[in-house]
Amino acid sequence: MQFIQPDINIDFIGKRFIGFSISATLILISLLSLLLHGGPKYGIDFAGGTLIQIKFSDPTTVDTIKDALKPIGITGASIQQYGEASNNEYLVRADMAYKKLEGLSEKVQAALIKSLSVSTETETSEPTSTIENSESASATATTQTVSQEAVEDQTVQPTLPAEVRRIEMVGPQVGKDLRKKALMAMFFALLFITIYISGRFEFKWVVSALMALGLIGGVYFFQKLGISMPFLIVFALILSMVLFWFLRLQYAMGAITALIHDVMITVGIFSIFDKEFTLPIIAALLTIIGYSLNDTIIVFDRIRENSRKLTRDTFDLVINKSINETLSRTILTSLTTLIVVLTLFLFGGGIIHDFAFAMIIGVLIGTYSSIFVASPILLLWKLQK
Amino acid sequence: MKNISPRTVIILLVLFGSLLYVLPSFHIDVWPHKKINLGLDLQGGMHLVLEVEAEKAVESTIERMGNDLRREMKTNHIKFADLKRIAFQLHLKVLGNESIDKFNKVLDEDFQEFRIASRKQNDDQLSIILDLPDSDVAEIKKKAAEQALETIRNRIDEFGVSEPDIRRQGERRILVQLPGVKDPRRAKDLIGKTALLEFKLVDDKHSVEDALKKTPPLGTEILYQVVENRQTRRMSKTPYLVEKRTSLTGEYLTDARVNIDSQYNEPYVSIKFDKKGARLFERITETNVQRRLAIVLDNKIHSAPVIQERISGGEARITGSFTHEEAHDLAIVLRAGALPAPVHILEERTVGPSLGKDSIRKGVASMIIGGIFVIIFMVIYYQVAGLIADLALALNIILIAAGLAGFQATLTLPGIAGIILTIGMAVDANVLIFERIREELRVGKSPLAAVDAGYNKATLTILDANVTTLIAAVVLFQFGTGPVKGFAVTLSLGVIASLFTALIVSRQIFDSLLINRQLRSLSI
């Protein structure tokens, strides 16, 4: 069986300007969406806040939960249904200033369980394992009033119909630290990859290592001067592009441009769908970097091999031939990888859902970019001559 | 099977070894006894990052030294005014030339630790600011963090959580991981409580009402007793006017136990002082008979019994309307000692056990579904060669599992995602090789020569492609916390395993098929 005929010869290089304009449009849309949304939407990992996942044994509504939260002063919380409607599962998210955060999750639990106990006290719901609430009132020790429901709650002793399945609380300082770390991780991954590619493809280990060291040193130095991290990293990336150009690290430039392209578009699509950035999403972005690079390197490898063999052909013909020769493999691997991330997306459950979504975008964009972005960039130098 | 190549031996050894490491996780207890560790997100549990407010430890040290200085000045009849602590500094004025001379002597002889930050003398009045050298401040902060870690560890050990993980993170953060903890709230209370136990005498000379309206008289403060009615869950707060000076603290405790009051059938905590504490306690009770002694825990009054008589023997009891659990936990924190400085929670992640089970079920389900799709796809597309790739894939998963158990790494939900991703990407190496072999076959090479050439040409490409993924995974490991780290681990293991299975195992299968069985054609 074969999807791609062996003698296939699509003129990818001739169509590279179509590719460039598609990429440019996608990046523009991404930037626009980020601008309109005021930057990426950070999840609590990066923004700080509290997230509580609660499963109820009986159907309830967002409004009921909202009402239950009002007495304890949580009005700005966002409440979402989580997963399928029949699960009766909800996510409560509050962006609370740090001091208020302490003990917040207990208060939410207590309030929810309290109000729900009242509304369902005549029913005999199945006992669910719950996080103890018998002492929960002590969390509100400083307030002297306790609502009337609590009295009934105690005397009737109903089984508790809500189960707190997950609590995540991240203080703003930790969120800031994580944000910085995530940016650093992306930056370092790109730099190390630069060294490896320049070394393996052009034997420029020393030049690229020195360049990477210089960039790391520069970022470190300016960070000490109190310049903000995101700004520094954007600056460092632009600077490295310029350096690639003058040091003629063409393979590194092609690969890194493709990677930045992939990450930017994935981030942009996340922003368009209004999805949140969390730690697993950073993991997904780094995997996309790895995966897209995998693709790019296989094409590059063929280009390197063919340019030794086909010395009489022009470079753009060599590139085109290489892309066509590896096309079958590119499509197949993308397909198998897509199959698994799709199953993950469909069956993996809520926590992994967005991760799988990012991976789906990444696999598609990564495959596209190794053909239409990374390889044509190699031509930039040749056309200059 | 006449001549077994060394490569076959290696493959069989690896397979056998990894099976040994995998089996314990499936409740078949064989030698290495190493099971795959499940992360908190899969087995349920609590992850906390605490920050030690180390400044508070410095402040209280300076406060204490200030009190010592005050006492020393009083015994030496030195006239002074405005002795107060501002941040990490001690400010005071010494009045009169005679006092200044005596003060200088006291400072030189008994308070060598102090550094003189500034010193101004106008006529017969000396304004002086004292502080501690930076190295001492750093030392106090470091000690506070270390001691807090130790105290929290002791508390958790007594609380009884299986395999807790408690460690320093950075200079003053403490990471606490409690897998499978049933009552996260109680655990959190236990960990976060400063547990500073103090005994303070109640001031009977002034009325509480007056103190509440105006400022409390010099040397006294208002503390509250908070009592919760168990029936109505109503809180009541009673103010007490107590002396600021602490008569006795919990540092002299040697033991704390829960007992049940036979009269009211209520639990209380009985405490025992060491020799010095017992002597102090005896002196306090002796000189203050008929006065009330407030038992203060973290600035909240638990009870304020009237001293009926001199108490010797160094035993006392803390009553208050405790539940049995509260009394039990209070005894634990008193035994483990007070935290040198308050801690606060920076980060908390709690996963209930049922959610963890759900996650495992869904993760494994999507792994099986995705795996089956890929396996079927490979067989349809590459026929017999596809079967070989599937075999390599199965071995790949066994190797990842064995690696997880062998290195005692933690499997998290993103980790499962990493394995699933590896399933998709592991066949990539095989696809690369097979496509090469097909190319070589098309040129007209014999199957054996085509396989040989295919592997030779694809090997370097596969290495290059996988090393870069490995780079991303290693960076991720460095940066990541908990779940994300788990993902980096399985991804790295997957990359290494797929190199082994694609370049060595499937190669060996091809070779044995083509050489030993003398196949003339290749189904690829």
# chains A, B, ... in the order shown; residues from 1 in each chain; ligands from 1
$ select_by_dssp --residues "range 325-432 of chain B" --states "alpha helix (DSSP H)" --output "CSV table (one decimal) with N, CA and C atoms, in the first residue's frame"
chain,number,residue,atom,x,y,z
B,325,GLU,N,-10.1,14.6,67.2
B,325,GLU,CA,-9.1,14.8,66.2
B,325,GLU,C,-8.3,16.1,66.5
B,326,GLU,N,-9.0,17.1,66.9
B,326,GLU,CA,-8.3,18.4,67.2
B,326,GLU,C,-7.3,18.2,68.3
B,327,ALA,N,-7.8,17.5,69.3
B,327,ALA,CA,-6.9,17.2,70.5
B,327,ALA,C,-5.7,16.4,70.0
B,328,HIS,N,-5.9,15.4,69.2
B,328,HIS,CA,-4.9,14.6,68.7
B,328,HIS,C,-3.8,15.4,67.9
B,329,ASP,N,-4.4,16.2,67.1
B,329,ASP,CA,-3.5,17.0,66.2
B,329,ASP,C,-2.7,18.1,67.0
B,330,LEU,N,-3.4,18.6,68.1
B,330,LEU,CA,-2.7,19.6,68.9
B,330,LEU,C,-1.6,19.0,69.6
B,331,ALA,N,-1.8,17.7,70.1
B,331,ALA,CA,-0.7,17.0,70.8
B,331,ALA,C,0.4,16.8,69.9
B,332,ILE,N,0.1,16.5,68.6
B,332,ILE,CA,1.2,16.3,67.7
B,332,ILE,C,2.1,17.5,67.5
B,333,VAL,N,1.4,18.7,67.2
B,333,VAL,CA,2.1,19.9,67.0
B,333,VAL,C,2.9,20.3,68.2
B,334,LEU,N,2.4,20.1,69.4
B,334,LEU,CA,3.1,20.5,70.6
B,334,LEU,C,4.3,19.6,70.8
B,335,ARG,N,4.2,18.3,70.5
B,335,ARG,CA,5.3,17.4,70.6
B,335,ARG,C,6.4,17.8,69.6
B,336,ALA,N,6.0,18.1,68.4
B,336,ALA,CA,7.0,18.3,67.4
B,336,ALA,C,7.6,19.7,67.6
B,353,PRO,N,-8.9,11.0,45.3
B,353,PRO,CA,-8.6,9.7,44.8
B,353,PRO,C,-9.4,9.2,43.6
B,354,SER,N,-10.7,9.6,43.6
B,354,SER,CA,-11.6,9.2,42.5
B,354,SER,C,-11.2,9.8,41.2
B,355,LEU,N,-10.7,11.1,41.3
B,355,LEU,CA,-10.3,11.7,40.0
B,355,LEU,C,-9.1,11.1,39.5
B,356,GLY,N,-8.2,10.7,40.4
B,356,GLY,CA,-7.0,10.0,40.0
B,356,GLY,C,-7.3,8.7,39.2
B,357,LYS,N,-8.2,7.9,39.8
B,357,LYS,CA,-8.6,6.7,39.2
B,357,LYS,C,-9.2,6.9,37.8
B,358,ASP,N,-10.1,8.0,37.7
B,358,ASP,CA,-10.7,8.3,36.4
B,358,ASP,C,-9.6,8.6,35.4
B,359,SER,N,-8.6,9.4,35.9
B,359,SER,CA,-7.5,9.8,35.0
B,359,SER,C,-6.7,8.6,34.4
B,360,ILE,N,-6.4,7.6,35.4
B,360,ILE,CA,-5.7,6.4,34.9
B,360,ILE,C,-6.6,5.7,33.9
B,361,ARG,N,-7.9,5.5,34.2
B,361,ARG,CA,-8.8,4.7,33.3
B,361,ARG,C,-8.8,5.4,31.9
B,362,LYS,N,-9.0,6.7,31.9
B,362,LYS,CA,-9.1,7.4,30.6
B,362,LYS,C,-7.8,7.3,29.9
B,363,GLY,N,-6.7,7.5,30.6
B,363,GLY,CA,-5.4,7.5,30.0
B,363,GLY,C,-5.1,6.2,29.4
B,364,VAL,N,-5.3,5.1,30.1
B,364,VAL,CA,-5.0,3.8,29.6
B,364,VAL,C,-5.9,3.5,28.5
B,365,ALA,N,-7.2,3.9,28.6
B,365,ALA,CA,-8.2,3.6,27.5
B,365,ALA,C,-7.7,4.3,26.2
B,366,SER,N,-7.2,5.6,26.3
B,366,SER,CA,-6.8,6.2,25.0
B,366,SER,C,-5.5,5.6,24.5
B,367,MET,N,-4.7,5.1,25.5
B,367,MET,CA,-3.5,4.5,25.1
B,367,MET,C,-3.8,3.2,24.2
B,368,ILE,N,-4.7,2.4,24.7
B,368,ILE,CA,-5.1,1.2,24.0
B,368,ILE,C,-5.7,1.5,22.7
B,369,ILE,N,-6.7,2.4,22.7
B,369,ILE,CA,-7.4,2.8,21.4
B,369,ILE,C,-6.4,3.3,20.4
B,370,GLY,N,-5.5,4.3,20.8
B,370,GLY,CA,-4.6,4.8,19.9
B,370,GLY,C,-3.6,3.8,19.4
B,371,GLY,N,-3.2,2.9,20.4
B,371,GLY,CA,-2.2,1.9,20.0
B,371,GLY,C,-2.8,0.9,19.0
B,372,ILE,N,-4.1,0.5,19.2
B,372,ILE,CA,-4.7,-0.5,18.3
B,372,ILE,C,-4.8,0.2,16.9
B,373,PHE,N,-5.2,1.4,16.8
B,373,PHE,CA,-5.3,2.1,15.5
B,373,PHE,C,-3.9,2.1,14.8
B,374,VAL,N,-2.9,2.5,15.5
B,374,VAL,CA,-1.6,2.5,14.9
B,374,VAL,C,-1.1,1.1,14.5
B,375,ILE,N,-1.4,0.1,15.3
B,375,ILE,CA,-1.0,-1.3,14.9
B,375,ILE,C,-1.6,-1.7,13.7
B,376,ILE,N,-3.0,-1.5,13.6
B,376,ILE,CA,-3.7,-1.9,12.4
B,376,ILE,C,-3.2,-1.1,11.2
B,377,PHE,N,-3.0,0.1,11.4
B,377,PHE,CA,-2.5,1.0,10.3
B,377,PHE,C,-1.2,0.4,9.7
B,378,MET,N,-0.3,0.1,10.6
B,378,MET,CA,1.0,-0.3,10.2
B,378,MET,C,0.9,-1.6,9.4
B,379,VAL,N,0.1,-2.5,9.9
B,379,VAL,CA,0.0,-3.8,9.2
B,379,VAL,C,-0.6,-3.7,7.8
B,380,ILE,N,-1.6,-2.8,7.7
B,380,ILE,CA,-2.3,-2.6,6.4
B,380,ILE,C,-1.3,-2.0,5.4
B,381,TYR,N,-0.5,-1.0,6.0
B,381,TYR,CA,0.4,-0.2,5.1
B,381,TYR,C,1.6,-1.0,4.7
B,382,TYR,N,2.2,-1.7,5.7
B,382,TYR,CA,3.5,-2.3,5.4
B,382,TYR,C,3.5,-3.9,5.5
B,383,GLN,N,2.3,-4.4,5.7
B,383,GLN,CA,2.1,-5.9,5.8
B,383,GLN,C,3.1,-6.5,6.8
B,384,VAL,N,3.9,-7.5,6.3
B,384,VAL,CA,4.8,-8.2,7.3
B,384,VAL,C,5.7,-7.3,8.0
B,385,ALA,N,6.3,-6.3,7.3
B,385,ALA,CA,7.2,-5.4,7.9
B,385,ALA,C,6.4,-4.6,8.9
B,386,GLY,N,5.1,-4.3,8.7
B,386,GLY,CA,4.3,-3.6,9.6
B,386,GLY,C,4.2,-4.4,10.9
B,387,LEU,N,4.1,-5.7,10.8
B,387,LEU,CA,4.0,-6.6,12.0
B,387,LEU,C,5.3,-6.5,12.8
B,388,ILE,N,6.4,-6.4,12.1
B,388,ILE,CA,7.7,-6.3,12.8
B,388,ILE,C,7.7,-4.9,13.6
B,389,ALA,N,7.2,-3.9,12.9
B,389,ALA,CA,7.2,-2.6,13.6
B,389,ALA,C,6.3,-2.6,14.8
B,390,ASP,N,5.2,-3.4,14.7
B,390,ASP,CA,4.2,-3.5,15.8
B,390,ASP,C,4.9,-4.2,17.0
B,391,LEU,N,5.7,-5.2,16.6
B,391,LEU,CA,6.4,-6.0,17.7
B,391,LEU,C,7.3,-5.0,18.4
B,392,ALA,N,8.0,-4.2,17.6
B,392,ALA,CA,9.0,-3.3,18.2
B,392,ALA,C,8.3,-2.3,19.1
B,393,LEU,N,7.1,-1.9,18.6
B,393,LEU,CA,6.3,-1.0,19.4
B,393,LEU,C,5.9,-1.5,20.8
B,394,ALA,N,5.4,-2.8,20.7
B,394,ALA,CA,5.1,-3.5,22.0
B,394,ALA,C,6.2,-3.5,22.9
B,395,LEU,N,7.4,-3.9,22.4
B,395,LEU,CA,8.6,-3.9,23.2
B,395,LEU,C,8.9,-2.6,23.8
B,396,ASN,N,8.7,-1.6,22.9
B,396,ASN,CA,8.9,-0.2,23.3
B,396,ASN,C,8.2,0.2,24.6
B,397,ILE,N,6.9,-0.2,24.6
B,397,ILE,CA,6.1,0.2,25.8
B,397,ILE,C,6.6,-0.6,27.0
B,398,ILE,N,6.9,-1.8,26.8
B,398,ILE,CA,7.5,-2.6,27.9
B,398,ILE,C,8.7,-1.9,28.5
B,399,LEU,N,9.6,-1.5,27.6
B,399,LEU,CA,10.8,-0.8,28.0
B,399,LEU,C,10.5,0.5,28.7
B,400,ILE,N,9.6,1.2,28.3
B,400,ILE,CA,9.2,2.5,29.0
B,400,ILE,C,8.8,2.2,30.4
B,401,ALA,N,7.9,1.2,30.5
B,401,ALA,CA,7.4,0.8,31.8
B,401,ALA,C,8.5,0.3,32.7
B,402,ALA,N,9.4,-0.5,32.1
B,402,ALA,CA,10.5,-1.0,32.9
B,402,ALA,C,11.4,0.1,33.4
B,403,GLY,N,11.6,1.1,32.5
B,403,GLY,CA,12.5,2.3,32.8
B,403,GLY,C,11.8,3.1,33.9
B,404,LEU,N,10.5,3.2,33.9
B,404,LEU,CA,9.8,4.0,35.0
B,404,LEU,C,10.1,3.3,36.3
B,405,ALA,N,9.9,1.9,36.3
B,405,ALA,CA,10.1,1.2,37.5
B,405,ALA,C,11.5,1.2,38.0
B,406,GLY,N,12.4,1.0,37.0
B,406,GLY,CA,13.8,0.8,37.3
B,406,GLY,C,14.4,2.1,37.9
B,413,LEU,N,-0.2,12.0,34.9
B,413,LEU,CA,-1.1,12.0,33.7
B,413,LEU,C,-0.4,12.5,32.5
B,414,PRO,N,0.3,13.6,32.5
B,414,PRO,CA,1.0,14.0,31.3
B,414,PRO,C,2.0,13.0,30.9
B,415,GLY,N,2.5,12.2,31.9
B,415,GLY,CA,3.4,11.1,31.6
B,415,GLY,C,2.7,10.1,30.7
B,416,ILE,N,1.5,9.7,31.0
B,416,ILE,CA,0.7,8.8,30.2
B,416,ILE,C,0.6,9.4,28.8
B,417,ALA,N,0.3,10.7,28.7
B,417,ALA,CA,0.2,11.4,27.4
B,417,ALA,C,1.5,11.2,26.7
B,418,GLY,N,2.6,11.3,27.4
B,418,GLY,CA,4.0,11.1,26.8
B,418,GLY,C,4.1,9.7,26.2
B,419,ILE,N,3.6,8.7,26.9
B,419,ILE,CA,3.7,7.3,26.4
B,419,ILE,C,2.9,7.2,25.1
B,420,ILE,N,1.7,7.8,25.1
B,420,ILE,CA,0.8,7.7,24.0
B,420,ILE,C,1.4,8.4,22.8
B,421,LEU,N,2.1,9.6,23.1
B,421,LEU,CA,2.7,10.3,22.0
B,421,LEU,C,3.9,9.5,21.4
B,422,THR,N,4.6,8.8,22.3
B,422,THR,CA,5.7,7.9,21.9
B,422,THR,C,5.2,6.8,20.9
B,423,ILE,N,4.0,6.3,21.2
B,423,ILE,CA,3.5,5.3,20.3
B,423,ILE,C,3.4,5.8,18.9
B,424,GLY,N,2.9,7.1,18.8
B,424,GLY,CA,2.8,7.7,17.5
B,424,GLY,C,4.2,7.9,16.9
B,425,MET,N,5.1,8.4,17.7
B,425,MET,CA,6.4,8.8,17.2
B,425,MET,C,7.4,7.7,17.1
B,426,ALA,N,7.2,6.6,17.8
B,426,ALA,CA,8.1,5.5,17.8
B,426,ALA,C,8.0,4.8,16.4
B,427,VAL,N,6.8,4.7,15.8
B,427,VAL,CA,6.7,4.1,14.6
B,427,VAL,C,7.5,4.9,13.5
B,428,ASP,N,7.7,6.2,13.8
B,428,ASP,CA,8.4,7.0,12.9
B,428,ASP,C,9.7,6.5,12.4
B,429,ALA,N,10.5,6.0,13.4
B,429,ALA,CA,11.8,5.4,13.1
B,429,ALA,C,11.6,4.3,12.1
B,430,ASN,N,10.6,3.4,12.4
B,430,ASN,CA,10.4,2.3,11.5
B,430,ASN,C,9.9,2.8,10.1
B,431,VAL,N,9.1,3.8,10.1
B,431,VAL,CA,8.6,4.3,8.8
B,431,VAL,C,9.7,4.8,8.0
B,432,LEU,N,10.6,5.6,8.6
B,432,LEU,CA,11.8,6.1,7.9
B,432,LEU,C,12.6,4.9,7.3
$ residues_around --residues "Leu239 in chain A" --least-positions-apart "3" --cutoff "12 Å" --atoms "only C-alpha atoms" --output "CSV table (one decimal) with N, CA and C atoms, in the first residue's frame"
chain,number,residue,atom,x,y,z
A,211,MET,N,28.0,31.5,20.3
A,211,MET,CA,26.8,32.4,20.1
A,211,MET,C,25.8,32.2,21.2
A,212,ALA,N,25.5,30.9,21.4
A,212,ALA,CA,24.5,30.5,22.4
A,212,ALA,C,24.9,31.0,23.8
A,214,GLY,N,26.9,33.4,24.5
A,214,GLY,CA,26.8,34.9,24.5
A,214,GLY,C,25.4,35.3,24.8
A,215,LEU,N,24.5,34.7,24.1
A,215,LEU,CA,23.0,35.1,24.3
A,215,LEU,C,22.6,34.8,25.7
A,216,ILE,N,23.0,33.6,26.2
A,216,ILE,CA,22.6,33.2,27.6
A,216,ILE,C,23.1,34.3,28.6
A,218,GLY,N,24.1,37.3,27.9
A,218,GLY,CA,23.4,38.6,27.7
A,218,GLY,C,22.1,38.7,28.5
A,219,VAL,N,21.3,37.6,28.3
A,219,VAL,CA,20.0,37.6,28.9
A,219,VAL,C,20.1,37.6,30.4
A,232,LEU,N,13.3,40.6,27.0
A,232,LEU,CA,14.6,40.2,26.7
A,232,LEU,C,14.7,39.0,25.8
A,233,ILE,N,13.7,38.1,26.0
A,233,ILE,CA,13.8,36.8,25.2
A,233,ILE,C,13.4,37.1,23.7
A,234,VAL,N,12.4,38.0,23.5
A,234,VAL,CA,12.1,38.4,22.2
A,234,VAL,C,13.3,39.1,21.5
A,235,PHE,N,13.9,39.9,22.3
A,235,PHE,CA,15.1,40.6,21.8
A,235,PHE,C,16.2,39.6,21.4
A,236,ALA,N,16.4,38.7,22.3
A,236,ALA,CA,17.5,37.7,22.1
A,236,ALA,C,17.2,36.8,20.9
A,242,VAL,N,19.6,37.6,13.5
A,242,VAL,CA,20.6,38.4,12.8
A,242,VAL,C,21.9,37.7,12.8
A,243,LEU,N,22.3,37.1,13.9
A,243,LEU,CA,23.6,36.4,14.0
A,243,LEU,C,23.6,35.2,13.1
A,244,PHE,N,22.5,34.5,13.0
A,244,PHE,CA,22.4,33.3,12.1
A,244,PHE,C,22.8,33.8,10.7
A,245,TRP,N,22.2,34.9,10.3
A,245,TRP,CA,22.3,35.4,9.0
A,245,TRP,C,23.8,35.7,8.7
A,246,PHE,N,24.5,36.4,9.6
A,246,PHE,CA,25.8,36.9,9.3
A,246,PHE,C,26.8,35.7,9.5
A,247,LEU,N,26.5,34.8,10.5
A,247,LEU,CA,27.4,33.6,10.7
A,247,LEU,C,27.1,32.5,9.6
A,253,MET,N,19.1,28.5,11.1
A,253,MET,CA,18.1,29.6,10.9
A,253,MET,C,16.8,29.0,10.4
$ atom_distance --atom1 "CA of Asp295 in chain A" --atom2 "CA of Thr412 in chain B"
27.1 Å
$ closest_residue --among "B:Asn76, B:Ser312, B:Gln43, B:Asn122" --to "Lys275 in chain B" --atoms "only C-alpha atoms"
B:Ser312
$ closest_residue --among "A:Leu293, A:Asn320, A:Asp313, A:Thr266" --to "Ala358 in chain A" --atoms "only C-alpha atoms"
A:Thr266
$ closest_residue --among "B:Gly454, B:Gly486, B:Pro447, B:Pro342" --to "Phe434 in chain B" --atoms "only C-alpha atoms"
B:Gly454
$ residues_around --residues "range 215-229 of chain B" --least-positions-apart "3" --cutoff "7 Å" --atoms "only C-alpha atoms" --output "PyMOL selection string"
chain B and resi 211-212+232-244+299-302
$ closest_residue --among "A:Leu51, A:Ile272, A:Ile10, A:Leu210" --to "chain B" --atoms "only C-alpha atoms"
A:Leu51
$ closest_residue --among "B:Asn97, B:Thr468, B:Thr319, B:Gln121" --to "chain A" --atoms "only C-alpha atoms"
B:Thr468
$ closest_residue --among "A:Thr25, A:Ser86, A:Asn306, A:Thr333" --to "chain B" --atoms "only C-alpha atoms"
A:Thr333
$ atom_distance --atom1 "CA of Ala304 in chain B" --atom2 "CA of Arg292 in chain B"
5.8 Å
$ residues_around --residues "Tyr196 in chain A" --least-positions-apart "3" --cutoff "8 Å" --atoms "only C-alpha atoms" --output "PDB file with N, CA and C atoms, in the first residue's frame"
ATOM      1  N   PHE A 192      19.813  25.304  22.565  1.00  0.00           N
ATOM      2  CA  PHE A 192      20.518  24.021  22.502  1.00  0.00           C
ATOM      3  C   PHE A 192      20.318  23.365  21.142  1.00  0.00           C
ATOM      4  N   ILE A 193      19.100  23.499  20.638  1.00  0.00           N
ATOM      5  CA  ILE A 193      18.808  22.906  19.337  1.00  0.00           C
ATOM      6  C   ILE A 193      19.643  23.593  18.256  1.00  0.00           C
ATOM      7  N   GLY A 199      26.033  22.284  14.519  1.00  0.00           N
ATOM      8  CA  GLY A 199      27.149  21.347  14.622  1.00  0.00           C
ATOM      9  C   GLY A 199      26.995  20.173  13.669  1.00  0.00           C
ATOM     10  N   ARG A 200      25.833  19.577  13.684  1.00  0.00           N
ATOM     11  CA  ARG A 200      25.634  18.360  12.906  1.00  0.00           C
ATOM     12  C   ARG A 200      25.577  18.644  11.405  1.00  0.00           C
ATOM     13  N   TRP A 205      30.172  23.735  15.350  1.00  0.00           N
ATOM     14  CA  TRP A 205      29.912  23.543  16.779  1.00  0.00           C
ATOM     15  C   TRP A 205      30.369  24.750  17.579  1.00  0.00           C
TER      16      TRP A 205
ATOM     17  N   THR B 468      17.267  15.647  18.958  1.00  0.00           N
ATOM     18  CA  THR B 468      16.628  16.961  19.163  1.00  0.00           C
ATOM     19  C   THR B 468      15.396  16.844  20.049  1.00  0.00           C
TER      20      THR B 468
END
$ residues_around --residues "Lys15 in chain A" --least-positions-apart "3" --cutoff "12 Å" --atoms "only C-alpha atoms" --output "PyMOL selection string"
chain A and resi 10-12+18-22+316+320+371-373+376
$ atom_distance --atom1 "CA of Arg71 in chain B" --atom2 "CA of Phe103 in chain B"
12.2 Å
$ residues_around --residues "Pro267 in chain B" --least-positions-apart "6" --cutoff "8 Å" --atoms "only C-alpha atoms" --output "tab-separated table (two decimals) with C-alpha atoms, in the first residue's frame"
chain	number	residue	atom	x	y	z
B	258	VAL	CA	-4.44	13.24	74.54
B	259	ASN	CA	-6.52	12.20	77.51
B	260	ILE	CA	-10.22	11.98	78.10
B	261	ASP	CA	-11.76	13.89	80.94
B	319	THR	CA	-8.64	22.09	77.89
B	321	SER	CA	-13.85	22.17	73.59
B	322	PHE	CA	-11.82	19.89	71.35
B	323	THR	CA	-12.99	17.15	69.12
B	324	HIS	CA	-10.88	14.06	69.50
B	327	ALA	CA	-6.88	17.25	70.48
$ select_by_dssp --residues "range 37-164 of chain B" --states "strand (DSSP E or B)" --output "ChimeraX atom specification"
/B:37-38,45-52,80-86,89-95,115-122,125-131
$ write_last_selection --atoms "C-alpha atoms" --output "PDB file, in the first residue's frame"
ATOM      1  CA  ASN B  37       5.342   5.139  41.256  1.00  0.00           C
ATOM      2  CA  LEU B  38       2.120   6.930  40.520  1.00  0.00           C
ATOM      3  CA  GLY B  45      -2.987  13.401  47.308  1.00  0.00           C
ATOM      4  CA  MET B  46      -1.732  16.803  48.199  1.00  0.00           C
ATOM      5  CA  HIS B  47       1.126  18.922  46.939  1.00  0.00           C
ATOM      6  CA  LEU B  48       2.034  22.001  48.942  1.00  0.00           C
ATOM      7  CA  VAL B  49       4.673  24.649  48.570  1.00  0.00           C
ATOM      8  CA  LEU B  50       5.168  26.587  51.771  1.00  0.00           C
ATOM      9  CA  GLU B  51       7.170  29.697  52.368  1.00  0.00           C
ATOM     10  CA  VAL B  52       8.865  30.251  55.692  1.00  0.00           C
ATOM     11  CA  PHE B  80      16.597  54.831  79.182  1.00  0.00           C
ATOM     12  CA  ALA B  81      13.594  55.684  77.008  1.00  0.00           C
ATOM     13  CA  ASP B  82      11.894  54.749  73.744  1.00  0.00           C
ATOM     14  CA  LEU B  83      13.274  51.238  73.495  1.00  0.00           C
ATOM     15  CA  LYS B  84      11.541  49.780  70.483  1.00  0.00           C
ATOM     16  CA  ARG B  85      12.171  47.416  67.595  1.00  0.00           C
ATOM     17  CA  ILE B  86      11.754  48.832  64.090  1.00  0.00           C
ATOM     18  CA  GLN B  89      16.748  47.369  64.366  1.00  0.00           C
ATOM     19  CA  LEU B  90      16.557  48.203  68.013  1.00  0.00           C
ATOM     20  CA  HIS B  91      16.168  51.916  68.778  1.00  0.00           C
ATOM     21  CA  LEU B  92      16.685  53.444  72.210  1.00  0.00           C
ATOM     22  CA  LYS B  93      17.756  56.535  74.093  1.00  0.00           C
ATOM     23  CA  VAL B  94      19.986  56.461  77.156  1.00  0.00           C
ATOM     24  CA  LEU B  95      19.613  59.419  79.499  1.00  0.00           C
ATOM     25  CA  ARG B 115      26.286  45.771  65.922  1.00  0.00           C
ATOM     26  CA  ILE B 116      26.042  49.510  66.466  1.00  0.00           C
ATOM     27  CA  ALA B 117      24.277  50.865  63.417  1.00  0.00           C
ATOM     28  CA  SER B 118      24.335  54.485  64.514  1.00  0.00           C
ATOM     29  CA  ARG B 119      25.243  56.407  67.621  1.00  0.00           C
ATOM     30  CA  LYS B 120      24.511  60.051  68.340  1.00  0.00           C
ATOM     31  CA  GLN B 121      25.289  61.887  71.549  1.00  0.00           C
ATOM     32  CA  ASN B 122      23.844  65.275  72.434  1.00  0.00           C
ATOM     33  CA  GLN B 125      21.541  61.993  75.891  1.00  0.00           C
ATOM     34  CA  LEU B 126      22.641  59.073  73.748  1.00  0.00           C
ATOM     35  CA  SER B 127      20.509  57.950  70.768  1.00  0.00           C
ATOM     36  CA  ILE B 128      21.617  54.565  69.613  1.00  0.00           C
ATOM     37  CA  ILE B 129      20.447  52.105  66.976  1.00  0.00           C
ATOM     38  CA  LEU B 130      21.499  48.503  67.320  1.00  0.00           C
ATOM     39  CA  ASP B 131      21.160  45.679  64.827  1.00  0.00           C
TER      40      ASP B 131
END
